[in-house]
Amino acid sequence: MRVNINKLTFGYTQKLIINDLSFSLASGDFLTIVGKNGSGKSTFIRCLLKLVKIPNSMIYLDDIDINDIKYFRNIGYVPQKDNFNYEFPITVSEILTSFYVKKKDELFETIVNRLELTKIMNENINNLSGGQIQRIFIARALLTKPKLLILDEPTVGVDVENMKAVYQILKELKNEKITIILISHDLKFVDGLTDYYLFLDDSLSYSFKKAGEK
């Protein structure tokens with residue numbers, strides 16, 4: 001999925017968060033967004049997902065203004081783990097099947113096996129490690145058959161072994177030409193994965209650079 005950001009400007013009340021942001025991604029590109037807290041990283045994702053209202057002609061997906069898209073299809077989103085209510089007792093199977101209406105068809109089984117979730121399908125999510133939870137969220141996102149996958153800090157609270165697993169999953173998805181946008185503070189993790197970096201600053205400036213570019 002192609003992504004075109006055209007002079008995106010957004011703020012809350014009288015405070016600007018993003019100002020005159022422009023860049024483009026081709027289908028299959030991998031973008032890493034970097035910046036301090038408050039620099040606009042999550043706000044940008046909210047704009048991209050239409051969770052906030054933006055003016056026309058600022059964000060295009062496959063050359064279509066997002067304000068002309070009634071229902072998002074083929075867009076997967078992996079939120080920060082902190083955005084999930086872990087006090088609610090629910091199993092891995094219930095999380096995935098409540099989201100995926102077809103329930104346990106070939107695609108479902110393929111993704112569950114690919115992310116090595118078979119053995120924990122009946123586990124309560126409260127009993128799982130940070131890495132296991134991230135794999136569940138990635139599985140949920142993949143059930144949308146994404147052409148664009150958005151991940152918000154997927155390595156936070158993840159141990160080294162599971163971080164390797166998440167890296168391998170993202171590498172495979174990149175090879176499948178899925179466009180990936182990932183927020184991360186861990187530049188070592190995305191080394192060898194990312195094609196571009198978007199550096200955001202709380203002073204409303206930004207820098208869009210190709211990987212390896214100084």
# chains A, B, ... in the order shown; residues from 1 in each chain; ligands from 1
call {"tool": "residues_around", "arguments": {"residues": "Ile66 (chain A)", "least_positions_apart": "2", "cutoff": "10 Å", "atoms": "only C-alpha atoms", "output": "JSON, numbers by chain"}}
result
{"A": [47, 48, 49, 50, 54, 55, 56, 57, 58, 59, 60, 61, 62, 63, 64, 68, 69, 70, 71, 72]}
call {"tool": "write_last_selection", "arguments": {"atoms": "C-alpha atoms", "output": "CSV table (one decimal), in the first residue's frame"}}
result
chain,number,residue,atom,x,y,z
A,47,CYS,CA,-4.3,10.8,12.0
A,48,LEU,CA,-3.3,7.9,9.8
A,49,LEU,CA,-6.0,5.6,11.3
A,50,LYS,CA,-8.7,8.3,11.1
A,54,ILE,CA,-8.0,16.0,9.6
A,55,PRO,CA,-8.7,18.2,6.6
A,56,ASN,CA,-8.9,16.8,3.1
A,57,SER,CA,-5.9,16.3,0.9
A,58,MET,CA,-3.3,15.6,3.7
A,59,ILE,CA,-3.2,11.8,3.8
A,60,TYR,CA,-3.6,9.5,0.8
A,61,LEU,CA,-3.5,5.7,0.8
A,62,ASP,CA,-3.1,4.2,-2.7
A,63,ASP,CA,-3.8,7.7,-4.0
A,64,ILE,CA,-7.2,7.9,-2.2
A,68,ASP,CA,-13.0,9.4,1.1
A,69,ILE,CA,-12.4,5.9,2.6
A,70,LYS,CA,-15.5,4.8,4.4
A,71,TYR,CA,-14.1,1.6,5.8
A,72,PHE,CA,-10.5,0.7,6.3
call {"tool": "residues_around", "arguments": {"residues": "Gly40 (chain A)", "least_positions_apart": "6", "cutoff": "8 Å", "atoms": "only C-alpha atoms", "output": "number ranges by chain"}}
result
A: 17-18, 200-202
call {"tool": "write_last_selection", "arguments": {"atoms": "N, CA and C atoms", "output": "PDB file, in the first residue's frame"}}
result
ATOM      1  N   ILE A  17       0.611  19.944  17.104  1.00  0.00           N
ATOM      2  CA  ILE A  17       1.406  18.756  17.418  1.00  0.00           C
ATOM      3  C   ILE A  17       2.246  18.351  16.214  1.00  0.00           C
ATOM      4  N   ILE A  18       1.648  18.456  15.028  1.00  0.00           N
ATOM      5  CA  ILE A  18       2.323  18.134  13.768  1.00  0.00           C
ATOM      6  C   ILE A  18       2.154  19.329  12.843  1.00  0.00           C
ATOM      7  N   LEU A 200      10.876  12.842  14.478  1.00  0.00           N
ATOM      8  CA  LEU A 200       9.987  13.924  14.887  1.00  0.00           C
ATOM      9  C   LEU A 200      10.564  14.635  16.098  1.00  0.00           C
ATOM     10  N   ASP A 201      10.308  15.921  16.183  1.00  0.00           N
ATOM     11  CA  ASP A 201      10.844  16.735  17.272  1.00  0.00           C
ATOM     12  C   ASP A 201       9.702  17.519  17.899  1.00  0.00           C
ATOM     13  N   ASP A 202       9.762  17.724  19.221  1.00  0.00           N
ATOM     14  CA  ASP A 202       8.680  18.457  19.877  1.00  0.00           C
ATOM     15  C   ASP A 202       8.683  19.944  19.541  1.00  0.00           C
TER      16      ASP A 202
END
call {"tool": "closest_residue", "arguments": {"among": "A:Arg73, A:Arg135, A:His185, A:Lys174", "to": "Gly35 (chain A)", "atoms": "only C-alpha atoms"}}
result
A:His185
call {"tool": "closest_residue", "arguments": {"among": "A:Gln168, A:Thr97, A:Ser27, A:Thr32", "to": "Arg2 (chain A)", "atoms": "only C-alpha atoms"}}
result
A:Ser27
call {"tool": "closest_residue", "arguments": {"among": "A:Phe30, A:Tyr197, A:Phe99, A:Phe189", "to": "Ile136 (chain A)", "atoms": "only C-alpha atoms"}}
result
A:Phe99
